[in-house]
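Asks: Handing over input06.pdb, PDB, C-alpha atoms.
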```
ATOM      1  CA  MET A   1      18.414  56.566 -20.718
ATOM      2  CA  PRO A   2      16.991  53.726 -18.664
ATOM      3  CA  ASP A   3      19.311  50.819 -17.959
ATOM      4  CA  SER A   4      17.885  47.429 -18.939
ATOM      5  CA  ASN A   5      20.574  45.613 -16.938
ATOM      6  CA  LEU A   6      18.666  45.833 -13.661
ATOM      7  CA  PRO A   7      19.680  42.848 -11.513
ATOM      8  CA  ASN A   8      17.035  40.079 -11.479
ATOM      9  CA  SER A   9      16.798  40.136  -7.693
ATOM     10  CA  VAL A  10      15.677  43.814  -7.688
ATOM     11  CA  GLU A  11      12.039  44.896  -7.830
ATOM     12  CA  ILE A  12      10.550  48.396  -8.048
ATOM     13  CA  ILE A  13       7.400  48.409  -5.894
ATOM     14  CA  PRO A  14       5.285  50.955  -3.981
ATOM     15  CA  ALA A  15       6.597  52.075  -0.600
ATOM     16  CA  THR A  16       4.319  52.404   2.444
ATOM     17  CA  TRP A  17       4.505  53.809   5.962
ATOM     18  CA  ARG A  18       5.923  50.422   7.002
ATOM     19  CA  ASP A  19       9.119  51.411   5.175
ATOM     20  CA  LEU A  20       9.824  54.354   7.490
ATOM     21  CA  GLY A  21      12.778  52.731   9.280
ATOM     22  CA  ALA A  22      14.462  51.631   6.060
ATOM     23  CA  LEU A  23      13.816  55.027   4.463
ATOM     24  CA  ARG A  24      15.359  56.851   7.442
ATOM     25  CA  THR A  25      18.478  54.702   7.093
ATOM     26  CA  LEU A  26      18.661  55.284   3.328
ATOM     27  CA  GLU A  27      18.282  59.058   3.796
ATOM     28  CA  LYS A  28      21.085  59.178   6.375
ATOM     29  CA  VAL A  29      23.437  57.200   4.141
ATOM     30  CA  CYS A  30      22.597  58.946   0.858
ATOM     31  CA  PHE A  31      22.191  62.486   2.214
ATOM     32  CA  PRO A  32      24.230  62.721   5.438
ATOM     33  CA  GLU A  33      24.076  66.529   5.614
ATOM     34  CA  ASP A  34      20.754  67.205   3.909
ATOM     35  CA  GLY A  35      18.550  64.237   4.779
ATOM     36  CA  TRP A  36      14.924  64.991   5.462
ATOM     37  CA  PRO A  37      13.648  65.231   9.025
ATOM     38  CA  LEU A  38      11.419  62.454  10.360
ATOM     39  CA  ILE A  39       8.199  64.448   9.874
ATOM     40  CA  ASP A  40       8.947  64.919   6.155
ATOM     41  CA  LEU A  41       9.616  61.213   5.726
ATOM     42  CA  ILE A  42       6.334  60.363   7.440
ATOM     43  CA  ALA A  43       4.504  62.809   5.165
ATOM     44  CA  THR A  44       6.173  61.351   2.076
ATOM     45  CA  LEU A  45       5.043  57.874   3.038
ATOM     46  CA  SER A  46       1.525  58.992   4.000
ATOM     47  CA  PHE A  47       0.183  61.759   1.751
ATOM     48  CA  SER A  48      -2.096  60.471  -0.992
ATOM     49  CA  ASN A  49      -0.747  62.730  -3.766
ATOM     50  CA  ILE A  50       2.809  61.353  -3.482
ATOM     51  CA  ILE A  51       4.112  58.619  -5.762
ATOM     52  CA  ARG A  52       6.570  56.648  -3.632
ATOM     53  CA  LEU A  53       8.520  53.709  -4.915
ATOM     54  CA  LYS A  54      11.294  51.593  -3.507
ATOM     55  CA  ALA A  55      13.886  49.322  -5.038
ATOM     56  CA  VAL A  56      14.095  46.136  -3.018
ATOM     57  CA  ILE A  57      16.576  43.319  -3.329
ATOM     58  CA  ALA A  58      15.662  39.712  -2.634
ATOM     59  CA  GLY A  59      12.103  40.825  -1.899
ATOM     60  CA  GLU A  60      12.897  42.621   1.332
ATOM     61  CA  GLN A  61      15.848  45.050   1.709
ATOM     62  CA  MET A  62      15.189  48.615   0.497
ATOM     63  CA  VAL A  63      18.217  49.718  -1.518
ATOM     64  CA  GLY A  64      16.683  52.709  -3.331
ATOM     65  CA  PHE A  65      13.770  55.127  -3.081
ATOM     66  CA  VAL A  66      12.051  57.821  -5.143
ATOM     67  CA  ALA A  67       9.166  60.152  -4.343
ATOM     68  CA  GLY A  68       7.274  62.253  -6.855
ATOM     69  CA  ASP A  69       4.789  64.981  -5.947
ATOM     70  CA  ARG A  70       2.125  65.707  -8.564
ATOM     71  CA  GLN A  71       1.278  69.323  -7.873
ATOM     72  CA  SER A  72      -1.088  69.883 -10.809
ATOM     73  CA  GLN A  73      -2.112  68.411 -14.172
ATOM     74  CA  ASP A  74       0.807  70.343 -15.640
ATOM     75  CA  LEU A  75       3.614  69.988 -13.069
ATOM     76  CA  ALA A  76       5.178  67.419 -10.758
ATOM     77  CA  TRP A  77       8.400  67.362  -8.756
ATOM     78  CA  ILE A  78      10.730  64.477  -8.098
ATOM     79  CA  ALA A  79      11.137  65.273  -4.421
ATOM     80  CA  THR A  80      13.897  62.789  -3.663
ATOM     81  CA  ILE A  81      15.729  59.872  -5.199
ATOM     82  CA  GLY A  82      18.514  57.867  -3.626
ATOM     83  CA  VAL A  83      20.264  54.517  -3.946
ATOM     84  CA  LEU A  84      22.559  53.005  -1.322
ATOM     85  CA  PRO A  85      26.209  53.395  -2.428
ATOM     86  CA  GLU A  86      26.898  49.665  -2.782
ATOM     87  CA  TYR A  87      23.971  49.334  -5.249
ATOM     88  CA  ARG A  88      24.759  52.318  -7.468
ATOM     89  CA  ARG A  89      25.674  52.015 -11.156
ATOM     90  CA  GLN A  90      23.392  48.992 -11.577
ATOM     91  CA  GLY A  91      20.423  50.782 -13.147
ATOM     92  CA  LEU A  92      18.372  51.203  -9.972
ATOM     93  CA  ALA A  93      18.151  55.007 -10.073
ATOM     94  CA  SER A  94      17.179  54.838 -13.748
ATOM     95  CA  ALA A  95      14.486  52.252 -13.037
ATOM     96  CA  LEU A  96      13.127  54.236 -10.081
ATOM     97  CA  LEU A  97      13.086  57.500 -12.045
ATOM     98  CA  GLN A  98      11.453  55.936 -15.108
ATOM     99  CA  GLU A  99       8.701  54.263 -13.080
ATOM    100  CA  CYS A 100       8.030  57.413 -11.059
ATOM    101  CA  GLU A 101       7.802  59.534 -14.215
ATOM    102  CA  THR A 102       5.318  57.060 -15.718
ATOM    103  CA  ARG A 103       3.087  57.123 -12.653
ATOM    104  CA  LEU A 104       3.132  60.921 -12.292
ATOM    105  CA  GLU A 105       1.223  61.381 -15.580
ATOM    106  CA  THR A 106       1.974  65.070 -16.007
ATOM    107  CA  SER A 107       3.331  67.193 -18.832
ATOM    108  CA  ARG A 108       6.312  68.638 -16.924
ATOM    109  CA  ILE A 109       8.512  67.217 -14.202
ATOM    110  CA  ARG A 110      11.058  69.177 -12.213
ATOM    111  CA  LEU A 111      13.732  68.209  -9.729
ATOM    112  CA  SER A 112      16.677  69.786  -8.000
ATOM    113  CA  VAL A 113      20.180  68.425  -7.553
ATOM    114  CA  ARG A 114      23.326  69.478  -5.748
ATOM    115  CA  LEU A 115      25.649  71.390  -8.100
ATOM    116  CA  GLY A 116      28.536  68.937  -7.647
ATOM    117  CA  ASN A 117      26.522  65.714  -7.971
ATOM    118  CA  HIS A 118      27.867  64.846 -11.419
ATOM    119  CA  GLY A 119      26.500  61.292 -11.474
ATOM    120  CA  ALA A 120      22.945  62.464 -10.804
ATOM    121  CA  ILE A 121      23.299  65.307 -13.306
ATOM    122  CA  ARG A 122      24.355  62.821 -16.021
ATOM    123  CA  LEU A 123      21.396  60.596 -15.112
ATOM    124  CA  TYR A 124      18.877  63.437 -15.394
ATOM    125  CA  GLU A 125      20.355  64.789 -18.613
ATOM    126  CA  GLY A 126      20.233  61.253 -20.036
ATOM    127  CA  PHE A 127      16.513  61.190 -19.265
ATOM    128  CA  GLY A 128      15.949  64.445 -21.147
ATOM    129  CA  TYR A 129      15.946  66.909 -18.256
ATOM    130  CA  GLN A 130      17.247  70.393 -19.007
ATOM    131  CA  ARG A 131      18.598  73.017 -16.627
ATOM    132  CA  VAL A 132      16.055  75.766 -16.010
ATOM    133  CA  ASP A 133      17.249  77.506 -12.834
ATOM    134  CA  ILE A 134      19.846  77.724 -10.078
ATOM    135  CA  TRP A 135      18.861  78.044  -6.426
ATOM    136  CA  PRO A 136      21.811  79.781  -4.764
ATOM    137  CA  LYS A 137      23.002  78.356  -1.442
ATOM    138  CA  TYR A 138      20.101  75.880  -1.321
ATOM    139  CA  TYR A 139      21.864  73.197   0.702
ATOM    140  CA  LYS A 140      22.917  73.493   4.342
ATOM    141  CA  ASP A 141      26.590  73.870   3.426
ATOM    142  CA  GLY A 142      25.840  76.730   1.014
ATOM    143  CA  THR A 143      26.069  74.685  -2.180
ATOM    144  CA  ASP A 144      23.784  75.733  -5.023
ATOM    145  CA  ALA A 145      21.039  73.499  -6.420
ATOM    146  CA  ILE A 146      20.413  73.121 -10.133
ATOM    147  CA  VAL A 147      16.750  72.899 -11.089
ATOM    148  CA  PHE A 148      16.016  70.599 -14.023
ATOM    149  CA  GLU A 149      12.807  70.234 -16.002
ATOM    150  CA  LYS A 150      11.561  67.604 -18.426
ATOM    151  CA  ILE A 151       8.713  68.027 -20.878
ATOM    152  CA  CYS A 152       6.849  64.705 -20.987
ATOM    153  CA  GLN A 153       4.882  63.029 -23.747
ATOM    154  CA  LEU A 154       1.446  62.181 -22.377
TER     155      LEU A 154
END
```
The structure in this file should be written as structure tokens.

Replies:
Amino acid sequence: MPDSNLPNSVEIIPATWRDLGALRTLEKVCFPEDGWPLIDLIATLSFSNIIRLKAVIAGEQMVGFVAGDRQSQDLAWIATIGVLPEYRRQGLASALLQECETRLETSRIRLSVRLGNHGAIRLYEGFGYQRVDIWPKYYKDGTDAIVFEKICQL
């Protein structure tokens, strides 16, 4: 469920290629072992079919990011979502996910999450995502990924 207690100083706005440096930092902090390589970050900030949103505080510092890839009329993927540790549990991930889902305008959305990431799993289940698959040894350290799917009301 979305959290309506989002701090007043936080905005959810589109991200652009100018956010590359901040996004690289966020990726390294949020996903130290599995962060995307530079070329993937550039693609995420450049490709026209990607919904990319950032949570900024005080109008400037990126503290969260989400990217959604609309692959067809029927299916989209949340490719990544992350919030800096000191800004977690304030509703930012919920706000990012909700806004990304709205902009994707598709009937199904999927995402994958590390098996042991209990906070993210609770978030996705709270938004109505259901487990549909397991990708064995998906992450670099051999941890499985859970694939979730949500059927959306268009």

Asks: Could you list, as a list of chain:residue names, every residue within 12 Å of Ser112 in chain A, counting all atoms listed in the file and ignoring same-chain residues fewer than 4 positions away?

Replies: A:Trp77, A:Ile78, A:Ala79, A:Thr80, A:Ile81, A:Gly116, A:Asn117, A:Ala120, A:Ile121, A:Tyr124, A:Tyr129, A:Gln130, A:Arg131, A:Val132, A:Asp133, A:Ile134, A:Trp135, A:Pro136, A:Tyr138, A:Tyr139, A:Asp144, A:Ala145, A:Ile146, A:Val147, A:Phe148, A:Glu149, A:Lys150

Asks: Applied to the shown file, which residues does the PyMOL selection byres ((chain A and resi 88-92) around 12) return, written as a PyMOL selection string?

Replies: chain A and resi 1-12+30+53-57+62-66+81-87+93-99+119-120+122-123

Asks: Using only C-alpha atoms, list the residues that have an atom at most 12 Å from (2.2, 66.6, -1.1), coordinates as in the file, as a PDB file with C-alpha atoms, keeping the file's coordinate frame.

Replies:
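Done, and the output landed in result.pdb:
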```
ATOM      1  CA  ASP A  40       8.947  64.919   6.155  1.00  0.00           C
ATOM      2  CA  LEU A  41       9.616  61.213   5.726  1.00  0.00           C
ATOM      3  CA  ILE A  42       6.334  60.363   7.440  1.00  0.00           C
ATOM      4  CA  ALA A  43       4.504  62.809   5.165  1.00  0.00           C
ATOM      5  CA  THR A  44       6.173  61.351   2.076  1.00  0.00           C
ATOM      6  CA  LEU A  45       5.043  57.874   3.038  1.00  0.00           C
ATOM      7  CA  SER A  46       1.525  58.992   4.000  1.00  0.00           C
ATOM      8  CA  PHE A  47       0.183  61.759   1.751  1.00  0.00           C
ATOM      9  CA  SER A  48      -2.096  60.471  -0.992  1.00  0.00           C
ATOM     10  CA  ASN A  49      -0.747  62.730  -3.766  1.00  0.00           C
ATOM     11  CA  ILE A  50       2.809  61.353  -3.482  1.00  0.00           C
ATOM     12  CA  ILE A  51       4.112  58.619  -5.762  1.00  0.00           C
ATOM     13  CA  ARG A  52       6.570  56.648  -3.632  1.00  0.00           C
ATOM     14  CA  ALA A  67       9.166  60.152  -4.343  1.00  0.00           C
ATOM     15  CA  GLY A  68       7.274  62.253  -6.855  1.00  0.00           C
ATOM     16  CA  ASP A  69       4.789  64.981  -5.947  1.00  0.00           C
ATOM     17  CA  ARG A  70       2.125  65.707  -8.564  1.00  0.00           C
ATOM     18  CA  GLN A  71       1.278  69.323  -7.873  1.00  0.00           C
ATOM     19  CA  SER A  72      -1.088  69.883 -10.809  1.00  0.00           C
ATOM     20  CA  ALA A  76       5.178  67.419 -10.758  1.00  0.00           C
ATOM     21  CA  TRP A  77       8.400  67.362  -8.756  1.00  0.00           C
ATOM     22  CA  ILE A  78      10.730  64.477  -8.098  1.00  0.00           C
ATOM     23  CA  ALA A  79      11.137  65.273  -4.421  1.00  0.00           C
TER      24      ALA A  79
END
```

Asks: What is the CA of Leu23 in chain A-CA of Arg110 in chain A distance in Å, reported with one decimal?

Replies: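 Between CA of Leu23 in chain A and CA of Arg110 in chain A the gap works out to 22.0 Å.
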
Asks: Box for range 143-150 of chain A - axis-aligned, 8 Å on each of the six sides, all listed atoms - centre and size in Å to one decimal, as AutoDock Vina command-line options.

Replies:
```
--center_x 18.8 --center_y 71.7 --center_z -10.3 --size_x 30.5 --size_y 24.1 --size_z 32.2
```

Asks: I'd like the interatomic distance between CA of Arg24 in chain A and CA of Lys140 in chain A, to a tenth of an Å.

Replies: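 Interatomic distance, CA of Arg24 in chain A to CA of Lys140 in chain A: 18.5 Å.
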
Asks: What does the distance from CA of Glu27 in chain A to CA of Arg114 in chain A come to in Å, to one decimal?

Replies: 15.0 Å

Asks: Considering all atoms listed in the file, can you say which of A:Thr25, A:Thr143, A:Gln61, A:Gln153 comes closest to Thr106 in chain A?

Replies: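 Of all the options, A:Gln153 lies closest to Thr106 in chain A.
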
Asks: Quick one: apply the PyMOL selection byres ((chain A and resi 108) around 6) to the file and drop the selected residues here as a PyMOL selection string.

Replies: chain A and resi 74-75+106-107+109+150-152

Asks: Here's the selection I'm unsure about, the PyMOL selection byres ((chain A and resi 33) around 9); applied to the file above, which residues does it give, as a PyMOL selection string?

Replies: chain A and resi 28+31-32+34-35+139-141
